[in-house]
file coords-v2.txt (compact mmCIF, C-alpha atoms and all ligand atoms)
# COMPACT_ATOMS: atom_id res chain seq x y z
CA MET E 139 13.63 -45.97 -12.91
CA THR E 140 15.25 -42.60 -12.84
CA ALA E 141 13.10 -39.52 -12.60
CA ILE E 142 15.13 -37.88 -15.35
CA GLU E 143 14.38 -40.69 -17.80
CA ALA E 144 10.68 -40.59 -16.93
CA ILE E 145 10.44 -36.84 -17.47
CA LYS E 146 12.34 -37.09 -20.74
CA LEU E 147 9.86 -39.65 -22.02
CA ALA E 148 6.89 -37.54 -20.94
CA GLY E 149 8.40 -34.45 -22.55
CA GLN E 150 9.33 -36.36 -25.70
CA ALA E 151 5.75 -37.62 -26.00
CA ILE E 152 4.50 -34.03 -25.76
CA ILE E 153 6.99 -32.83 -28.36
CA GLU E 154 5.90 -35.64 -30.72
CA GLU E 155 2.30 -34.56 -30.21
CA LYS E 156 3.02 -30.87 -30.76
CA ASP E 157 1.06 -30.51 -34.00
CA PHE E 158 -1.92 -32.50 -32.73
CA LEU E 159 -2.13 -30.43 -29.53
CA THR E 160 -1.84 -27.25 -31.54
CA ASP E 161 -4.63 -28.39 -33.91
CA LEU E 162 -6.87 -29.10 -30.93
CA ASP E 163 -6.15 -25.63 -29.55
CA GLN E 164 -6.77 -24.14 -33.01
CA ALA E 165 -10.34 -25.40 -32.81
CA ILE E 166 -11.26 -23.90 -29.44
CA GLY E 167 -8.39 -21.61 -28.40
CA ASP E 168 -5.53 -19.71 -30.00
CA GLY E 169 -3.69 -22.63 -31.55
CA ASP E 170 -0.57 -22.61 -29.45
CA HIS E 171 -0.89 -25.38 -26.86
CA GLY E 172 1.45 -27.76 -28.68
CA ILE E 173 3.90 -24.96 -29.38
CA ASN E 174 3.78 -23.81 -25.74
CA MET E 175 4.30 -27.28 -24.32
CA ALA E 176 7.02 -28.29 -26.78
CA ARG E 177 8.91 -25.07 -26.08
CA GLY E 178 8.47 -25.66 -22.36
CA PHE E 179 9.85 -29.17 -22.42
CA SER E 180 12.76 -28.25 -24.71
CA SER E 181 13.75 -25.68 -22.12
CA VAL E 182 13.18 -28.20 -19.32
CA PHE E 183 15.46 -30.71 -21.06
CA THR E 184 18.31 -28.22 -21.05
CA LYS E 185 17.81 -27.58 -17.34
CA ILE E 186 17.52 -31.28 -16.56
CA ASP E 187 20.69 -32.10 -18.48
CA ALA E 188 22.48 -29.73 -16.12
CA LEU E 189 21.34 -31.74 -13.08
CA LYS E 190 23.51 -34.45 -11.58
CA ASP E 191 22.57 -38.02 -12.54
CA ASP E 192 21.66 -38.80 -8.96
CA ALA E 193 19.28 -35.84 -8.55
CA ASP E 194 16.31 -37.11 -6.56
CA ILE E 195 12.75 -37.25 -7.84
CA SER E 196 11.69 -34.13 -5.98
CA MET E 197 14.59 -32.08 -7.39
CA VAL E 198 13.86 -33.25 -10.95
CA LEU E 199 10.17 -32.33 -10.66
CA LYS E 200 11.09 -28.95 -9.17
CA THR E 201 13.35 -28.30 -12.14
CA VAL E 202 10.52 -29.22 -14.51
CA GLY E 203 8.08 -26.91 -12.73
CA MET E 204 10.41 -23.95 -12.69
CA GLY E 205 11.38 -24.60 -16.31
CA LEU E 206 7.78 -24.65 -17.50
CA ILE E 207 6.88 -21.51 -15.58
CA SER E 208 9.82 -19.59 -16.99
CA SER E 209 9.47 -20.72 -20.62
CA VAL E 210 5.74 -21.09 -21.34
CA GLY E 211 3.77 -17.91 -21.82
CA GLY E 212 0.26 -19.36 -22.07
CA ALA E 213 -2.12 -20.40 -19.32
CA SER E 214 -0.70 -23.89 -19.37
CA GLY E 215 2.81 -22.80 -18.29
CA PRO E 216 1.98 -21.49 -14.82
CA LEU E 217 -0.66 -24.20 -14.36
CA TYR E 218 1.55 -27.16 -15.25
CA GLY E 219 4.54 -25.45 -13.66
CA THR E 220 2.71 -25.13 -10.36
CA ALA E 221 1.50 -28.72 -10.70
CA PHE E 222 5.08 -30.02 -11.02
CA LEU E 223 6.30 -27.82 -8.14
CA ARG E 224 3.55 -29.13 -5.87
CA ALA E 225 4.21 -32.72 -6.92
CA SER E 226 7.88 -32.09 -6.13
CA ALA E 227 7.02 -30.91 -2.62
CA ALA E 228 4.80 -33.96 -2.11
CA CYS E 229 7.66 -36.42 -2.71
CA LYS E 230 10.44 -34.66 -0.86
CA ASP E 231 13.09 -37.11 0.40
CA LYS E 232 11.46 -40.09 -1.34
CA ASN E 233 13.61 -42.37 -3.44
CA ALA E 234 10.76 -44.49 -4.79
CA ILE E 235 7.12 -43.77 -5.49
CA ASP E 236 4.48 -46.19 -4.30
CA ALA E 237 0.79 -45.89 -5.17
CA VAL E 238 -0.06 -43.84 -2.09
CA THR E 239 2.74 -41.37 -2.77
CA ALA E 240 1.74 -41.20 -6.44
CA LYS E 241 -1.77 -40.22 -5.41
CA GLU E 242 -0.46 -37.65 -2.95
CA MET E 243 1.69 -36.15 -5.70
CA LEU E 244 -1.14 -36.05 -8.21
CA ASP E 245 -3.52 -34.55 -5.64
CA ALA E 246 -0.96 -31.89 -4.75
CA ALA E 247 -0.56 -31.11 -8.47
CA ILE E 248 -4.33 -30.84 -8.91
CA LYS E 249 -4.62 -28.56 -5.89
CA GLY E 250 -1.88 -26.35 -7.34
CA ILE E 251 -3.72 -26.09 -10.66
CA GLN E 252 -6.91 -25.22 -8.81
CA ASP E 253 -5.22 -22.65 -6.56
CA ARG E 254 -3.94 -20.92 -9.68
CA GLY E 255 -6.76 -21.41 -12.16
CA LYS E 256 -9.83 -21.66 -9.94
CA ALA E 257 -11.38 -24.39 -12.09
CA VAL E 258 -13.28 -27.45 -10.91
CA LYS E 259 -14.13 -30.71 -12.64
CA GLY E 260 -16.45 -30.32 -15.62
CA GLU E 261 -15.12 -27.00 -16.98
CA LYS E 262 -13.32 -28.60 -19.95
CA THR E 263 -9.74 -28.26 -18.73
CA MET E 264 -6.76 -30.45 -17.90
CA LEU E 265 -8.51 -31.17 -14.59
CA ASP E 266 -11.05 -33.31 -16.44
CA ALA E 267 -8.24 -35.77 -17.14
CA LEU E 268 -6.25 -35.34 -13.93
CA ILE E 269 -9.04 -35.55 -11.34
CA PRO E 270 -10.46 -38.84 -12.74
CA ALA E 271 -6.87 -40.14 -12.92
CA SER E 272 -6.38 -39.41 -9.23
CA GLU E 273 -9.73 -40.97 -8.36
CA ALA E 274 -8.73 -44.10 -10.28
CA ILE E 275 -5.48 -44.36 -8.32
CA GLY E 276 -7.50 -44.06 -5.11
CA THR E 277 -9.82 -46.86 -6.21
CA GLY E 278 -6.80 -48.95 -7.18
CA ILE E 279 -5.17 -48.42 -3.78
CA ASP E 280 -8.38 -49.53 -2.04
CA ALA E 281 -8.35 -52.65 -4.22
CA GLY E 282 -4.76 -53.41 -3.21
CA LYS E 283 -3.21 -52.59 -6.59
CA ASN E 284 0.43 -51.58 -6.94
CA VAL E 285 1.65 -48.31 -8.42
CA VAL E 286 1.97 -49.67 -11.97
CA GLU E 287 -1.54 -51.13 -11.95
CA CYS E 288 -2.86 -47.90 -10.45
CA LEU E 289 -1.13 -45.86 -13.17
CA LYS E 290 -2.70 -48.04 -15.85
CA ASP E 291 -6.14 -47.30 -14.39
CA ALA E 292 -5.22 -43.62 -14.15
CA VAL E 293 -4.38 -43.47 -17.86
CA GLU E 294 -7.68 -45.12 -18.78
CA ALA E 295 -9.60 -42.72 -16.55
CA ALA E 296 -7.77 -39.76 -18.07
CA GLN E 297 -8.59 -40.99 -21.58
CA THR E 298 -12.24 -41.27 -20.62
CA GLY E 299 -11.93 -37.76 -19.20
CA VAL E 300 -10.63 -36.47 -22.53
CA GLU E 301 -13.63 -38.02 -24.29
CA TYR E 302 -15.89 -36.37 -21.70
CA THR E 303 -14.41 -32.94 -22.49
CA LYS E 304 -15.89 -33.28 -26.00
CA THR E 305 -19.37 -33.27 -24.51
CA ILE E 306 -19.13 -30.20 -22.28
CA ILE E 307 -18.93 -26.43 -22.60
CA ALA E 308 -15.68 -24.70 -21.66
CA THR E 309 -16.16 -22.27 -18.79
CA LYS E 310 -12.48 -21.51 -18.06
CA GLY E 311 -9.62 -20.33 -20.25
CA ARG E 312 -9.77 -19.15 -23.85
CA ALA E 313 -12.13 -21.92 -24.96
CA SER E 314 -14.81 -20.37 -22.74
CA TYR E 315 -15.08 -17.50 -25.26
CA LEU E 316 -16.69 -20.01 -27.64
CA ALA E 317 -19.38 -21.08 -25.14
CA GLU E 318 -21.52 -23.86 -26.68
CA ARG E 319 -19.41 -23.85 -29.85
CA SER E 320 -16.72 -25.54 -27.76
CA ILE E 321 -18.87 -28.68 -27.64
CA GLY E 322 -17.63 -31.48 -29.89
CA HIS E 323 -13.96 -30.62 -29.38
CA GLN E 324 -11.64 -32.29 -26.90
CA ASP E 325 -9.69 -30.07 -24.54
CA PRO E 326 -6.01 -29.60 -25.46
CA GLY E 327 -4.83 -29.48 -21.84
CA ALA E 328 -6.76 -32.61 -20.86
CA THR E 329 -5.12 -34.24 -23.87
CA SER E 330 -1.57 -33.19 -22.93
CA SER E 331 -2.13 -34.31 -19.33
CA THR E 332 -3.18 -37.73 -20.58
CA THR E 333 -0.17 -37.92 -22.89
CA MET E 334 2.17 -37.31 -19.97
CA LEU E 335 0.45 -39.88 -17.75
CA LYS E 336 0.54 -42.41 -20.57
CA ALA E 337 4.25 -41.87 -21.18
CA LEU E 338 4.90 -42.36 -17.49
CA TYR E 339 2.88 -45.57 -17.45
CA GLU E 340 4.61 -46.93 -20.57
CA TYR E 341 7.90 -46.29 -18.83
CA VAL E 342 7.12 -47.99 -15.52
CA LYS E 343 5.03 -50.91 -16.80
P1 LIG Q 1 -3.50 -20.33 -23.62
O1 LIG Q 1 -4.93 -20.69 -23.43
O2 LIG Q 1 -3.05 -19.21 -22.76
O3 LIG Q 1 -3.16 -20.14 -25.08
P2 LIG Q 1 -2.52 -23.06 -23.73
O4 LIG Q 1 -3.14 -23.10 -25.08
O5 LIG Q 1 -1.10 -23.51 -23.66
O6 LIG Q 1 -2.64 -21.61 -23.09
O7 LIG Q 1 -3.33 -23.99 -22.72
C1 LIG Q 1 -4.71 -24.16 -22.84
C2 LIG Q 1 -5.16 -25.22 -21.85
O8 LIG Q 1 -4.99 -24.75 -20.53
C3 LIG Q 1 -6.63 -25.57 -21.97
O9 LIG Q 1 -6.84 -26.59 -22.93
C4 LIG Q 1 -6.99 -26.03 -20.57
O10 LIG Q 1 -6.83 -27.42 -20.39
C5 LIG Q 1 -5.97 -25.34 -19.69
N1 LIG Q 1 -6.57 -24.28 -18.89
C6 LIG Q 1 -6.89 -23.03 -19.26
N2 LIG Q 1 -7.41 -22.35 -18.21
C7 LIG Q 1 -7.42 -23.22 -17.15
C8 LIG Q 1 -7.82 -23.12 -15.77
N3 LIG Q 1 -8.31 -22.00 -15.27
N4 LIG Q 1 -7.68 -24.22 -15.01
C9 LIG Q 1 -7.17 -25.37 -15.51
N5 LIG Q 1 -6.76 -25.52 -16.78
C10 LIG Q 1 -6.89 -24.46 -17.59
MG MG Q 2 -3.64 -21.69 -26.44
MG MG Q 3 -1.91 -18.69 -25.98
call {"tool": "encode", "arguments": {"input": "coords-v2.txt", "output": "structure tokens", "more": "lines below"}}
Ligand code: ADP
Ligand code: MG
Ligand code: MG
result
Amino acid sequence: MTAIEAIKLAGQAIIEEKDFLTDLDQAIGDGDHGINMARGFSSVFTKIDALKDDADISMVLKTVGMGLISSVGGASGPLYGTAFLRASAACKDKNAIDAVTAKEMLDAAIKGIQDRGKAVKGEKTMLDALIPASEAIGTGIDAGKNVVECLKDAVEAAQTGVEYTKTIIATKGRASYLAERSIGHQDPGATSSTTMLKALYEYVK
């Protein structure tokens, strides 16, 4: 698999889901999450097309991170941008990603999001998809699963995490302004995180 192909599929999945993500953000935020993410990935695609075909995984992820930071105005731009930059640093000099490296990359991404946004699990953010996904990879590694099997479990855990965000109050980001009125709605960022993980899994499976 090439990293460029994988990122294109993840970005394409986000662009296809633009209206849905925006509708979700309309309910509990300012209705721009799909617009932000689609704009971000369109810009990333231009930057990625300028890379050489043999750009390594770390370089591709770095390009994604910098592209998202420079093109997305909302909270999600710096958060996802930092996540991709940290994931890039966690796979420096690697030509293939095994399950352990995948977990290290996801954990680095999560730590980046937390360094920036100061959120923890249970605050109705993208972390409510990403942290369970990482935990599922860890459980898979302990059970001797390979990276594809671990990713499958990660997607399922992220989907469960999205469902969980419907049941909790937002305490970070714009949705926190709604307090208990945010209950019943799934978090847009948890949804976009899951979409990206799912696209990655569909690609590697
Ligand atoms: P904005 O809220 O600035 O309009 P977006 O709509 O693009 O930005 O992104 C909103 C998403 O960002 C939320 O659904 C949530 O998942 C995520 N988010 C917001 N604040 C935080 C935070 N502090 N930590 C982690 N994720 C956050
Ligand atoms: Mg928004
Ligand atoms: Mg906004």
call {"tool": "closest_residue", "arguments": {"input": "coords-v2.txt", "among": "E:Asp231, E:Glu154, E:Asp168, E:Asp236", "to": "E:Glu287", "atoms": "all atoms listed in the file"}}
result
E:Asp236
call {"tool": "residues_near_ligand", "arguments": {"input": "coords-v2.txt", "ligand": "ligand MG 3 (chain Q)", "cutoff": "10 Å", "atoms": "all atoms listed in the file", "output": "ChimeraX atom specification"}}
result
/E:163,167-171,173-174,210-215,311-312
call {"tool": "closest_residue", "arguments": {"input": "coords-v2.txt", "among": "E:Asp187, E:Ser196, E:Phe222, E:Ala165", "to": "E:Glu143", "atoms": "all atoms listed in the file"}}
result
E:Asp187
call {"tool": "closest_residue", "arguments": {"input": "coords-v2.txt", "among": "E:Met204, E:Ile153, E:Ala328, E:Ala313", "to": "ligand MG 2 (chain Q)", "atoms": "only C-alpha atoms and all ligand atoms"}}
result
E:Ala313
call {"tool": "atom_distance", "arguments": {"input": "coords-v2.txt", "atom1": "atom CA of E:Ser180", "atom2": "atom CA of E:Ala151"}}
result
11.8 Å
call {"tool": "residues_around", "arguments": {"input": "coords-v2.txt", "residues": "E:Ser209", "least_positions_apart": "2", "cutoff": "6 Å", "atoms": "all atoms listed in the file", "output": "JSON, numbers by chain"}}
result
{"E": [178, 206, 207]}
call {"tool": "residues_around", "arguments": {"input": "coords-v2.txt", "residues": "E:Ala257", "least_positions_apart": "5", "cutoff": "9 Å", "atoms": "all atoms listed in the file", "output": "number ranges by chain"}}
result
E: 251-252, 263, 265, 309-310
call {"tool": "write_last_selection", "arguments": {"input": "coords-v2.txt", "atoms": "C-alpha atoms", "output": "short mmCIF file (atom, residue, chain, number, x, y, z; two decimals), keeping the file's coordinate frame"}}
result
data_model
loop_
_atom_site.label_atom_id
_atom_site.label_comp_id
_atom_site.auth_asym_id
_atom_site.auth_seq_id
_atom_site.Cartn_x
_atom_site.Cartn_y
_atom_site.Cartn_z
CA ILE E 251 -3.72 -26.09 -10.66
CA GLN E 252 -6.91 -25.22 -8.81
CA THR E 263 -9.74 -28.26 -18.73
CA LEU E 265 -8.51 -31.17 -14.59
CA THR E 309 -16.16 -22.27 -18.79
CA LYS E 310 -12.48 -21.51 -18.06
#
call {"tool": "closest_residue", "arguments": {"input": "coords-v2.txt", "among": "E:Asp325, E:Asp191, E:Glu340, E:Glu301", "to": "ligand MG 2 (chain Q)", "atoms": "all atoms listed in the file"}}
result
E:Asp325
call {"tool": "atom_distance", "arguments": {"input": "coords-v2.txt", "atom1": "atom CA of E:Gly278", "atom2": "atom CA of E:Leu244"}}
result
14.1 Å
call {"tool": "closest_atom_pairs", "arguments": {"input": "coords-v2.txt", "of": "stretch 141-241 of chain E", "to": "stretch 321-324 of chain E", "cutoff": "12 Å", "atoms": "all atoms listed in the file", "output": "Markdown table"}}
result
| residue | atom | partner | partner_atom | distance |
| --- | --- | --- | --- | --- |
| E:Phe158 | CA | E:Gln324 | CA | 11.3 |
| E:Leu159 | CA | E:Gln324 | CA | 10.0 |
| E:Thr160 | CA | E:Gln324 | CA | 12.0 |
| E:Asp161 | CA | E:His323 | CA | 10.6 |
| E:Leu162 | CA | E:Gln324 | CA | 7.0 |
| E:Asp163 | CA | E:Gln324 | CA | 9.0 |
| E:Gln164 | CA | E:His323 | CA | 10.3 |
| E:Ala165 | CA | E:His323 | CA | 7.2 |
| E:Ile166 | CA | E:His323 | CA | 7.2 |
| E:Gly167 | CA | E:His323 | CA | 10.6 |
call {"tool": "axis_aligned_box", "arguments": {"input": "coords-v2.txt", "around": "stretch 290-293 of chain E", "padding_each_side": "3 Å", "output": "lines of an AutoDock Vina configuration file"}}
result
center_x = -4.4
center_y = -45.8
center_z = -16.0
size_x = 9.4
size_y = 10.6
size_z = 9.7
call {"tool": "atom_distance", "arguments": {"input": "coords-v2.txt", "atom1": "atom P2 of ligand LIG 1 (chain Q)", "atom2": "atom CA of E:Val300"}}
result
15.7 Å
call {"tool": "closest_residue", "arguments": {"input": "coords-v2.txt", "among": "E:Asn233, E:Ser272, E:Thr333, E:Ser314", "to": "ligand MG 2 (chain Q)", "atoms": "all atoms listed in the file"}}
result
E:Ser314
call {"tool": "residues_around", "arguments": {"input": "coords-v2.txt", "residues": "E:Ala271", "least_positions_apart": "2", "cutoff": "9 Å", "atoms": "all atoms listed in the file", "output": "tab-separated table (two decimals) with C-alpha atoms, in the frame of the given file"}}
result
chain	number	residue	atom	x	y	z
E	244	LEU	CA	-1.14	-36.05	-8.21
E	266	ASP	CA	-11.05	-33.31	-16.44
E	267	ALA	CA	-8.24	-35.77	-17.14
E	268	LEU	CA	-6.25	-35.34	-13.93
E	269	ILE	CA	-9.04	-35.55	-11.34
E	273	GLU	CA	-9.73	-40.97	-8.36
E	274	ALA	CA	-8.73	-44.10	-10.28
E	275	ILE	CA	-5.48	-44.36	-8.32
E	276	GLY	CA	-7.50	-44.06	-5.11
E	289	LEU	CA	-1.13	-45.86	-13.17
E	291	ASP	CA	-6.14	-47.30	-14.39
E	292	ALA	CA	-5.22	-43.62	-14.15
E	293	VAL	CA	-4.38	-43.47	-17.86
E	294	GLU	CA	-7.68	-45.12	-18.78
E	295	ALA	CA	-9.60	-42.72	-16.55
E	296	ALA	CA	-7.77	-39.76	-18.07
E	297	GLN	CA	-8.59	-40.99	-21.58
E	299	GLY	CA	-11.93	-37.76	-19.20
E	332	THR	CA	-3.18	-37.73	-20.58
E	335	LEU	CA	0.45	-39.88	-17.75
call {"tool": "closest_residue", "arguments": {"input": "coords-v2.txt", "among": "E:Ile279, E:Met175, E:Ile186, E:Met197", "to": "ligand LIG 1 (chain Q)", "atoms": "all atoms listed in the file"}}
result
E:Met175
call {"tool": "residues_around", "arguments": {"input": "coords-v2.txt", "residues": "E:Ile145", "least_positions_apart": "2", "cutoff": "10 Å", "atoms": "all atoms listed in the file", "output": "MDAnalysis selection string"}}
result
chainID E and resid 140:143 147:151 179 182:183 186 195 198:199 202 334 337:338 341
